[in-house]
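Enquirer: Starting off with a structure, shown below.
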Amino acid sequence: MQLHNREVRQDVRELGALLGDVLEEQTSRRAFETVESCRTAAIDYRSGDIESREPLIAELEGLSPHQQRTVARAFTTYFELINLAEERERVRSIRQDSQEGTLEDSLEAAATELSEIDDETIDRVLEDVFIEPTFTAHPTEARRKTVKAKLRSVATHLETLDERRLTDKEREQVWRDVDAEVTSLWQTPQVRKRQPEPEDEARNVQWYLENTLFDVVGEVYDELADALENELERAPEVPKLFEFRSWAGSDRDGNPYVTPEVTANTLERQRAVVIDRYRDQLKRLSGVLSQDGSRITAGGSFDASLEADRERLSGVARTAEERYPGEPYRQKLKLMRERLERVGDVRPGGYDEADELMDDLDVIAASLRDNGAETVVEAHVDPLRRQVATFGLSLASLDLRDHRQNHTDAIVETLAREGIDYTSLDEDERVELLTDAILQEGTIVDLERTDDLSDHSARVVTLFDSLAGWQAEYGVEAIDTYCISMTNEPSHVLEVLFLADQAGIVSLPEHCGIDIVPLLETEYALSGARRIMGTLFENEAYAQVLEARGHTQEIMLGYSDSNKENGFLAANWSLYKNQRRLAQICDDFDVTMRLFHGRGGSISRGGGPMGAALLALPSSTVTGQVKFTEQGEAIAEKYGNPRIAERNIEQMLNAQLRARKQAIEQPEEYIEDEWIEAMDVMADAARQEYRDLLESDGFVQYFEQATPITVIENLDLGSRPASRSGERTVEDLRAIPWVFSWTQSRCILPGWYAVATGLDAYLDAGGEIDILQEMYETWPFFRTILDNAALSLSRTELEIAEQYADLATDDLRETYFPRITAEYERAVELVQTIGEREELHTRDWLGENLERRNPYVDPLNLLQTHLLGRTHLTDVEERTLRLTVKGIAAGMKNTG
């Protein structure tokens, strides 16, 4: 069966040709020939037809500023279009493999694995698994929203060409529309003229939830239900398995622009969006449920529910009866739409919570089943029930986050008004004071009084004072988590609990309306996990919090800052060991742990294939509940296309179902002592080498000179500042621009540096390569680490990186670039030897991807280095330099 009309090479060729036509039409024949000359020179060097890049470099440097801008724009637009072609190829592969039954990591494969265990264990696995992707506003999306909208339109046209049988005239019309979009894209500014605001970021996240995920979630549930029914003798009921969360509009860490007003607006907008979607779905359902009341028996439960709505909304009920005489389901749906309309309204009768809407859908489903309309339920009612279960009345629950120092400062200032010198107390004294204050009847501080507080402390107390109102207005589930960045002490958690108690969000022992989540991201915090969590679990006040929250503790791990502090290998080993340690601590206190993985999109920030990452977690940490961040351009990559979004969720669910099954069967994975000792040796040596690099005299200057960090800091990528205090140190710089800068220079150092040093330290200490190969073959953690490092090594291009190194002063270049090169070359050799393969990567598609992309990224890199090397830039050159950043990001399909 032929599913598709096209292939990726055809898409690339035809989109490239179309862009060439648009380029010539919109500029000139000379501009087109200049771009073609640069393109062919880059390809000729890569293919070995010429020996040097000098002709390409000379041509780029000889262009006028306006010509350089045209070249940068052409290659940037090319990558944006080619990304769509590769996205389409990914969809083709998914559909073809699904049709042939060869799709890896499918829900059918998960169901097959579940069929190996007894019914009771299957029920336990399904009951335990709960996945919470959490979207963040982290500024790693380099494209404007307007540009993304145009590209999505082109993607839709490509789908039409690929999946529909068209006449010649229809095909011509589609290509005319593609031509129009590409022309408009060329005429649209690529670079933002203003910095995005937090509400822009919240709307961006909201778009994916509303336009993609809302529709595909039900399909994933259907696929799982079908797979279980086909594989198992007894098909179990599929419970709620997903919930989406967001930091956009509520993450205050380092972002003074996320005000209570921004959060309130985000909550209101998200509720309005999801209610509109439900009303649309109920309207559609009304077109289906046209049953004649005289030919069915709706049932007592349905009749009672309908009568309750008639009493609640008597005026609307009369209208419904007049409009739908003798059609009970349509009358009910009309009243349900009205109840949705009144959510948050001054008029009575609206739904107070999503459970009430779900109850109404359950009543309709049961009535239909009683009347032999099971297929109607499965096709039309169940998908809406899944949507309500997943998105509630809030679309996505918001997590609040702030830096622990801000809470401490706020408490210092508010308690000082009451004559308490919090600053002078040591840690034990602070814990004791806060515990007593939380358990005490009545409030101690007035959160509404902010006139005598510093600005940042006023922001903190105003937030907590507002939180109580938000929960009353939108429901506790709409905003019920508070994450504390840089948690180092138990008091940092109790400070948030104290402020929540003073705001009335917490009333122990009966009620705790918030999960407090410590973010452990420094080596001090991770190594002190038992001190922090053990103290909290033994604390009288916090024990009551756990009781009120179902004895579940969420703990967040920071991958980005841990990597930036310790290096790739050492950070991953530290995180792995500390996850096991946290699991043991929680087990000792009979607390269910939910790990929140603060992953970024890039390998060096915890990214990489999510399915492999979930399966590589220590068994003792796999409680079934898992939460992880989805950041920046990774959101568009994973959730922009509905079929890819569905596949992404399916892979997550496959991995988590299998991981939970394995954890139940083997609660504590067996790891050879020899392997642990080997990892300790490797990690210690790797960390020492990494820290030695960062702390060497002149390295920060080399980083400034040999990467475009100064350009990136001034890009309008996100609403949050690039550094925490404006100081020029690696420690002060946020992880995102740190990785972004190395990615731009094609030296993706954060994803592999010191891996070779670590491996060699083990071998020099008497270790054997055979042991490392055994570890790679049988230990998912070690295999994932090396495979991820291999991905970063594959994307590194040292010849290009050398062009950036040449921008540094001679002494810095000679000090650092040979050192980086030696580490890279040895890492490549070792990774290939341990993995027993000839190529760094193990995926054919990646090799094809790199071969297709690299020649087109090169001119952008060479133009960027030329502009970076100039001491004074005109306005046009400055805009071109910023555009090269966008183009390289598109070409690498990654920023930071």
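In the structure tokens, each chain is lettered A, B, ... as it comes, each chain's residues begin at 1, and ligands are numbered from 1 in order of appearance.
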As a PyMOL selection string, please: every residue in segment 733-820 of chain A that DSSP puts in alpha helix (DSSP H).
Expert: chain A and resi 735-744+755-764+769-778+780-795+798-805+810-820
Enquirer: Measuring between only C-alpha atoms, which one of A:Asp276, A:Ala365, A:Gly344, A:Phe391 shows the shortest distance to Ser301 of chain A?
Expert: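 Going through A:Asp276, A:Ala365, A:Gly344, A:Phe391 one by one, the smallest distance to Ser301 of chain A is for A:Ala365.
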Enquirer: Do a neighbour search on Pro750 of chain A at 7 Å with only C-alpha atoms, toss out local chain neighbours closer than 3 positions, and write the hits as a ChimeraX atom specification.
Expert: /A:567-568,604,739,753
Enquirer: Residues near segment 815-826 of chain A, anyone? I mean within 7 Å using only C-alpha atoms, not counting same-chain ones fewer than 3 positions away, as an mmCIF file with all heavy atoms, in the first residue's frame.
Expert:
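Output file part-v5.cif is given in full below:
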data_model
loop_
_atom_site.group_PDB
_atom_site.id
_atom_site.type_symbol
_atom_site.label_atom_id
_atom_site.label_comp_id
_atom_site.auth_asym_id
_atom_site.auth_seq_id
_atom_site.Cartn_x
_atom_site.Cartn_y
_atom_site.Cartn_z
ATOM 1 N N TYR A 753 33.146 17.288 26.656
ATOM 2 C CA TYR A 753 34.480 17.586 27.189
ATOM 3 C C TYR A 753 34.737 16.811 28.480
ATOM 4 O O TYR A 753 33.889 16.750 29.369
ATOM 5 C CB TYR A 753 34.667 19.084 27.445
ATOM 6 C CG TYR A 753 36.125 19.401 27.733
ATOM 7 C CD1 TYR A 753 37.024 19.552 26.689
ATOM 8 C CD2 TYR A 753 36.600 19.468 29.032
ATOM 9 C CE1 TYR A 753 38.365 19.789 26.931
ATOM 10 C CE2 TYR A 753 37.944 19.698 29.291
ATOM 11 C CZ TYR A 753 38.828 19.851 28.237
ATOM 12 O OH TYR A 753 40.165 20.063 28.480
ATOM 13 N N ALA A 754 35.927 16.229 28.565
ATOM 14 C CA ALA A 754 36.449 15.449 29.702
ATOM 15 C C ALA A 754 35.944 14.011 29.722
ATOM 16 O O ALA A 754 36.328 13.247 30.614
ATOM 17 C CB ALA A 754 36.161 16.131 31.038
ATOM 18 N N ALA A 756 36.816 11.770 27.498
ATOM 19 C CA ALA A 756 38.026 11.007 27.196
ATOM 20 C C ALA A 756 38.961 10.955 28.398
ATOM 21 O O ALA A 756 39.533 9.901 28.712
ATOM 22 C CB ALA A 756 38.742 11.625 25.997
ATOM 23 N N ALA A 805 38.292 29.907 16.968
ATOM 24 C CA ALA A 805 39.471 29.980 17.831
ATOM 25 C C ALA A 805 40.452 31.031 17.322
ATOM 26 O O ALA A 805 41.145 31.692 18.108
ATOM 27 C CB ALA A 805 40.148 28.612 17.901
ATOM 28 N N ASP A 811 47.962 33.879 22.308
ATOM 29 C CA ASP A 811 48.312 33.103 23.498
ATOM 30 C C ASP A 811 47.127 32.279 23.993
ATOM 31 O O ASP A 811 47.293 31.110 24.379
ATOM 32 C CB ASP A 811 48.830 34.024 24.612
ATOM 33 C CG ASP A 811 47.799 35.086 25.006
ATOM 34 O OD1 ASP A 811 47.013 35.508 24.129
ATOM 35 O OD2 ASP A 811 47.787 35.488 26.190
ATOM 36 N N LEU A 812 45.922 32.846 23.962
ATOM 37 C CA LEU A 812 44.747 32.097 24.409
ATOM 38 C C LEU A 812 44.425 30.976 23.428
ATOM 39 O O LEU A 812 44.073 29.864 23.832
ATOM 40 C CB LEU A 812 43.552 33.030 24.545
ATOM 41 C CG LEU A 812 43.623 34.063 25.678
ATOM 42 C CD1 LEU A 812 42.404 34.972 25.648
ATOM 43 C CD2 LEU A 812 43.721 33.362 27.040
ATOM 44 N N GLU A 829 37.785 8.475 19.383
ATOM 45 C CA GLU A 829 38.435 7.161 19.319
ATOM 46 C C GLU A 829 37.870 6.206 20.364
ATOM 47 O O GLU A 829 37.542 5.046 20.066
ATOM 48 C CB GLU A 829 39.944 7.339 19.509
ATOM 49 C CG GLU A 829 40.735 6.047 19.488
ATOM 50 C CD GLU A 829 42.216 6.259 19.774
ATOM 51 O OE1 GLU A 829 42.639 7.431 19.902
ATOM 52 O OE2 GLU A 829 42.949 5.255 19.887
ATOM 53 N N LEU A 830 37.726 6.670 21.596
ATOM 54 C CA LEU A 830 37.268 5.802 22.682
ATOM 55 C C LEU A 830 35.794 5.430 22.532
ATOM 56 O O LEU A 830 35.410 4.278 22.763
ATOM 57 C CB LEU A 830 37.509 6.482 24.028
ATOM 58 C CG LEU A 830 38.970 6.523 24.491
ATOM 59 C CD1 LEU A 830 39.141 7.472 25.668
ATOM 60 C CD2 LEU A 830 39.451 5.123 24.878
#
Enquirer: Would you kindly return, as an NGL selection string, each protein, DNA or RNA residue with an atom no farther than 9 Å from any atom of Leu798 of chain A, considering only C-alpha atoms and excluding same-chain residues fewer than 2 positions away?
Expert: :A and (746-747 or 796 or 800-803 or 821 or 824)
Enquirer: Could the residues in this selection be written to a file with N, CA, C and O atoms, as a short mmCIF file (atom, residue, chain, number, x, y, z; two decimals), in the first residue's frame?
Expert:
data_model
loop_
_atom_site.label_atom_id
_atom_site.label_comp_id
_atom_site.auth_asym_id
_atom_site.auth_seq_id
_atom_site.Cartn_x
_atom_site.Cartn_y
_atom_site.Cartn_z
N ARG A 746 30.15 25.49 16.68
CA ARG A 746 30.28 24.11 16.23
C ARG A 746 31.27 23.32 17.07
O ARG A 746 31.80 22.29 16.64
N CYS A 747 31.55 23.79 18.26
CA CYS A 747 32.41 23.08 19.20
C CYS A 747 31.55 22.79 20.42
O CYS A 747 31.58 23.54 21.40
N THR A 796 29.87 18.16 16.32
CA THR A 796 31.01 19.06 16.48
C THR A 796 31.83 19.07 15.18
O THR A 796 32.09 18.02 14.60
N ILE A 800 35.56 24.11 11.60
CA ILE A 800 34.80 25.36 11.76
C ILE A 800 35.14 26.00 13.10
O ILE A 800 35.33 27.22 13.20
N ALA A 801 35.20 25.19 14.16
CA ALA A 801 35.53 25.72 15.48
C ALA A 801 36.89 26.43 15.47
O ALA A 801 37.11 27.40 16.20
N GLU A 802 37.79 25.95 14.61
CA GLU A 802 39.11 26.58 14.52
C GLU A 802 39.01 28.01 13.99
O GLU A 802 39.80 28.89 14.38
N GLN A 803 38.04 28.25 13.12
CA GLN A 803 37.83 29.61 12.62
C GLN A 803 37.46 30.55 13.78
O GLN A 803 37.87 31.71 13.80
N THR A 821 40.97 20.24 21.16
CA THR A 821 41.09 19.33 20.02
C THR A 821 41.55 17.94 20.46
O THR A 821 41.00 16.91 20.02
N TYR A 824 38.78 16.09 22.15
CA TYR A 824 37.78 15.67 21.17
C TYR A 824 38.25 14.42 20.43
O TYR A 824 37.50 13.43 20.31
#
Enquirer: Taking 2 positions as the minimum chain separation for residues in the same chain, which residues sit within 10 Å of Thr136 of chain A when counting only C-alpha atoms? Answer as a list in words.
Expert: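 Counting only the stated atoms, we get Pro133, Thr134, His138, Pro139, Glu201, Ala202, Val205, Arg245, Ser246, Trp247, Ala248, Gly249, Ser250, Asp251, Asp399, Gly598, Gly600, Thr629, Glu630, Gln631, Gly632 and Ile635 of chain A.
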Enquirer: Go ahead and write the selection's residues with N, CA, C and O atoms as a compact mmCIF listing (two decimals), in the first residue's frame.
Expert:
# COMPACT_ATOMS: atom_id res chain seq x y z
N PRO A 133 4.79 16.10 31.41
CA PRO A 133 5.66 17.02 30.67
C PRO A 133 5.36 18.45 31.10
O PRO A 133 4.20 18.85 31.20
N THR A 134 6.41 19.22 31.34
CA THR A 134 6.25 20.58 31.87
C THR A 134 6.94 21.56 30.94
O THR A 134 8.16 21.55 30.80
N HIS A 138 11.96 28.96 28.90
CA HIS A 138 13.39 29.20 28.74
C HIS A 138 13.70 29.66 27.32
O HIS A 138 13.23 29.07 26.35
N PRO A 139 14.51 30.70 27.17
CA PRO A 139 14.67 31.37 25.88
C PRO A 139 15.65 30.66 24.94
O PRO A 139 16.75 31.12 24.71
N GLU A 201 5.56 34.50 25.88
CA GLU A 201 6.06 33.14 26.08
C GLU A 201 4.94 32.21 26.54
O GLU A 201 4.86 31.05 26.12
N ALA A 202 4.06 32.73 27.40
CA ALA A 202 2.93 31.91 27.86
C ALA A 202 1.99 31.60 26.70
O ALA A 202 1.48 30.48 26.59
N VAL A 205 3.51 28.74 24.54
CA VAL A 205 3.27 27.42 25.12
C VAL A 205 1.81 27.02 24.95
O VAL A 205 1.48 25.88 24.60
N ARG A 245 1.87 20.46 32.30
CA ARG A 245 2.10 21.59 33.21
C ARG A 245 2.94 22.63 32.49
O ARG A 245 3.51 22.38 31.43
N SER A 246 3.02 23.82 33.09
CA SER A 246 3.75 24.90 32.45
C SER A 246 4.40 25.81 33.49
O SER A 246 3.87 26.01 34.58
N TRP A 247 5.58 26.34 33.11
CA TRP A 247 6.23 27.40 33.88
C TRP A 247 6.05 28.76 33.22
O TRP A 247 6.41 29.78 33.79
N ALA A 248 5.54 28.77 32.00
CA ALA A 248 5.43 30.03 31.25
C ALA A 248 4.38 30.93 31.90
O ALA A 248 3.21 30.58 31.97
N GLY A 249 4.81 32.06 32.34
CA GLY A 249 3.92 32.99 33.03
C GLY A 249 3.95 32.84 34.54
O GLY A 249 3.27 33.60 35.25
N SER A 250 4.75 31.89 35.06
CA SER A 250 4.77 31.69 36.51
C SER A 250 6.17 31.45 37.06
O SER A 250 6.35 31.41 38.28
N ASP A 251 7.18 31.28 36.21
CA ASP A 251 8.55 31.05 36.65
C ASP A 251 9.23 32.39 36.92
O ASP A 251 9.53 33.15 36.00
N ASP A 399 3.27 25.78 37.50
CA ASP A 399 4.22 25.65 38.59
C ASP A 399 4.80 27.03 38.87
O ASP A 399 5.25 27.71 37.94
N GLY A 598 14.86 18.27 35.44
CA GLY A 598 14.98 19.58 34.80
C GLY A 598 15.89 19.51 33.59
O GLY A 598 17.03 19.99 33.62
N GLY A 600 17.10 20.07 29.59
CA GLY A 600 17.04 21.01 28.49
C GLY A 600 16.92 20.27 27.17
O GLY A 600 16.83 19.05 27.13
N THR A 629 10.99 18.69 32.25
CA THR A 629 10.78 19.94 31.52
C THR A 629 10.92 19.71 30.03
O THR A 629 11.71 18.89 29.56
N GLU A 630 10.12 20.46 29.27
CA GLU A 630 10.24 20.54 27.82
C GLU A 630 10.53 22.00 27.51
O GLU A 630 9.73 22.89 27.84
N GLN A 631 11.69 22.26 26.86
CA GLN A 631 12.17 23.64 26.78
C GLN A 631 12.42 24.09 25.35
O GLN A 631 12.74 23.31 24.47
N GLY A 632 12.29 25.42 25.18
CA GLY A 632 12.76 26.10 24.00
C GLY A 632 12.32 25.48 22.69
O GLY A 632 11.17 25.11 22.49
N ILE A 635 10.22 22.21 22.16
CA ILE A 635 8.76 22.18 22.17
C ILE A 635 8.23 22.17 20.75
O ILE A 635 7.36 21.36 20.39
Enquirer: Nearest to Val22 of chain A: which of A:Glu327, A:Glu523, A:Glu637, A:Asp179 is it, counting only C-alpha atoms?
Expert: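 Smallest distance to Val22 of chain A is found for A:Asp179.
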Enquirer: What are the DSSP strand (DSSP E or B) residues of segment 332-500 of chain A, as an MDAnalysis selection string?
Expert: chainID A and resid 397:403 481:485
Enquirer: Filtering to N, CA and C atoms, could you give me those residues as a PDB file, in the first residue's frame?
Expert:
ATOM      1  N   SER A 397      -1.649  22.994  34.351  1.00  0.00           N
ATOM      2  CA  SER A 397      -1.408  23.527  35.694  1.00  0.00           C
ATOM      3  C   SER A 397      -0.098  24.305  35.694  1.00  0.00           C
ATOM      4  N   LEU A 398      -0.084  25.419  36.394  1.00  0.00           N
ATOM      5  CA  LEU A 398       1.119  26.231  36.477  1.00  0.00           C
ATOM      6  C   LEU A 398       1.950  25.843  37.696  1.00  0.00           C
ATOM      7  N   ASP A 399       3.267  25.778  37.498  1.00  0.00           N
ATOM      8  CA  ASP A 399       4.218  25.651  38.593  1.00  0.00           C
ATOM      9  C   ASP A 399       4.802  27.027  38.870  1.00  0.00           C
ATOM     10  N   LEU A 400       4.811  27.419  40.112  1.00  0.00           N
ATOM     11  CA  LEU A 400       5.527  28.627  40.509  1.00  0.00           C
ATOM     12  C   LEU A 400       6.979  28.254  40.801  1.00  0.00           C
ATOM     13  N   ARG A 401       7.904  29.176  40.532  1.00  0.00           N
ATOM     14  CA  ARG A 401       9.303  28.944  40.869  1.00  0.00           C
ATOM     15  C   ARG A 401       9.970  30.259  41.196  1.00  0.00           C
ATOM     16  N   ASP A 402      10.850  30.212  42.188  1.00  0.00           N
ATOM     17  CA  ASP A 402      11.666  31.376  42.518  1.00  0.00           C
ATOM     18  C   ASP A 402      12.946  30.893  43.201  1.00  0.00           C
ATOM     19  N   HIS A 403      13.913  31.789  43.277  1.00  0.00           N
ATOM     20  CA  HIS A 403      15.204  31.469  43.897  1.00  0.00           C
ATOM     21  C   HIS A 403      15.054  31.497  45.413  1.00  0.00           C
ATOM     22  N   THR A 481       1.892  23.942  42.679  1.00  0.00           N
ATOM     23  CA  THR A 481       3.268  23.485  42.882  1.00  0.00           C
ATOM     24  C   THR A 481       4.190  24.687  42.988  1.00  0.00           C
ATOM     25  N   TYR A 482       5.120  24.610  43.921  1.00  0.00           N
ATOM     26  CA  TYR A 482       6.084  25.703  44.109  1.00  0.00           C
ATOM     27  C   TYR A 482       7.483  25.112  44.134  1.00  0.00           C
ATOM     28  N   CYS A 483       8.285  25.484  43.145  1.00  0.00           N
ATOM     29  CA  CYS A 483       9.644  24.964  43.009  1.00  0.00           C
ATOM     30  C   CYS A 483      10.645  25.993  43.543  1.00  0.00           C
ATOM     31  N   ILE A 484      11.621  25.513  44.300  1.00  0.00           N
ATOM     32  CA  ILE A 484      12.606  26.392  44.936  1.00  0.00           C
ATOM     33  C   ILE A 484      13.967  26.155  44.298  1.00  0.00           C
ATOM     34  N   SER A 485      14.428  27.120  43.510  1.00  0.00           N
ATOM     35  CA  SER A 485      15.738  26.998  42.869  1.00  0.00           C
ATOM     36  C   SER A 485      16.851  27.086  43.906  1.00  0.00           C
TER      37      SER A 485
END
Enquirer: Near Arg269 of chain A, counting only C-alpha atoms, which residues have an atom at most 10 Å away, once you skip same-chain residues fewer than 3 positions from it, shown as a CSV table (one decimal) with C-alpha atoms, in the first residue's frame?
Expert:
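around.csv, written as the output of this step:
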chain,number,residue,atom,x,y,z
A,202,ALA,CA,2.9,31.9,27.9
A,203,ARG,CA,0.9,32.3,24.6
A,206,GLN,CA,-0.5,27.7,25.1
A,263,THR,CA,0.4,34.9,36.2
A,264,ALA,CA,-3.2,35.9,36.8
A,265,ASN,CA,-3.6,36.8,33.1
A,266,THR,CA,-2.1,33.4,32.1
A,272,ALA,CA,-10.8,30.6,28.6
A,273,VAL,CA,-9.0,28.6,25.9
A,274,VAL,CA,-9.9,25.2,27.3
A,275,ILE,CA,-13.5,26.1,27.9
A,394,SER,CA,-7.0,25.0,33.4
A,395,LEU,CA,-5.5,23.6,30.2
Enquirer: For the atom pair atom CA of Ala458 of chain A and atom CA of Asp515 of chain A, what is the interatomic distance in Å to one decimal place?
Expert: 22.5 Å
Enquirer: From the options A:Leu862, A:Val496, A:Val178, A:Leu23, which residue's atoms come nearest to Leu158 of chain A, counting only C-alpha atoms?
Expert: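 Of A:Leu862, A:Val496, A:Val178, A:Leu23, the one nearest Leu158 of chain A, counting only C-alpha atoms, is A:Val178.
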Enquirer: Mind pulling up the distance from atom CA of Leu807 of chain A to atom CA of Thr865 of chain A?
Expert: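 These atoms are spaced 7.5 Å apart.
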Enquirer: Just to confirm, what's the straight-line distance from atom CA of Thr319 of chain A to atom CA of Leu335 of chain A in Å (one decimal)?
Expert: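 Interatomic distance, atom CA of Thr319 of chain A to atom CA of Leu335 of chain A: 9.6 Å.
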Enquirer: Residues of segment 529-646 of chain A that have any atom at most 8 Å from an atom of segment 664-685 of chain A: could you tabulate them with the shortest-distance atom pair and the distance in Å to one decimal, using only C-alpha atoms, ordered by chain and increasing number, as CSV?
Expert:
residue,atom,partner,partner_atom,distance
A:Leu569,CA,A:Ala683,CA,6.0
A:Ala570,CA,A:Ala683,CA,4.3
A:Trp573,CA,A:Ala683,CA,6.7
A:Pro618,CA,A:Glu669,CA,6.9
A:Ser619,CA,A:Glu669,CA,5.6
A:Ser620,CA,A:Glu668,CA,5.3
Enquirer: So, counting only C-alpha atoms, which residue among A:Leu694, A:Leu185, A:Val91, A:Ile709 is closest to Lys564 of chain A?
Expert: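 Of A:Leu694, A:Leu185, A:Val91, A:Ile709, the one nearest Lys564 of chain A, counting only C-alpha atoms, is A:Leu694.
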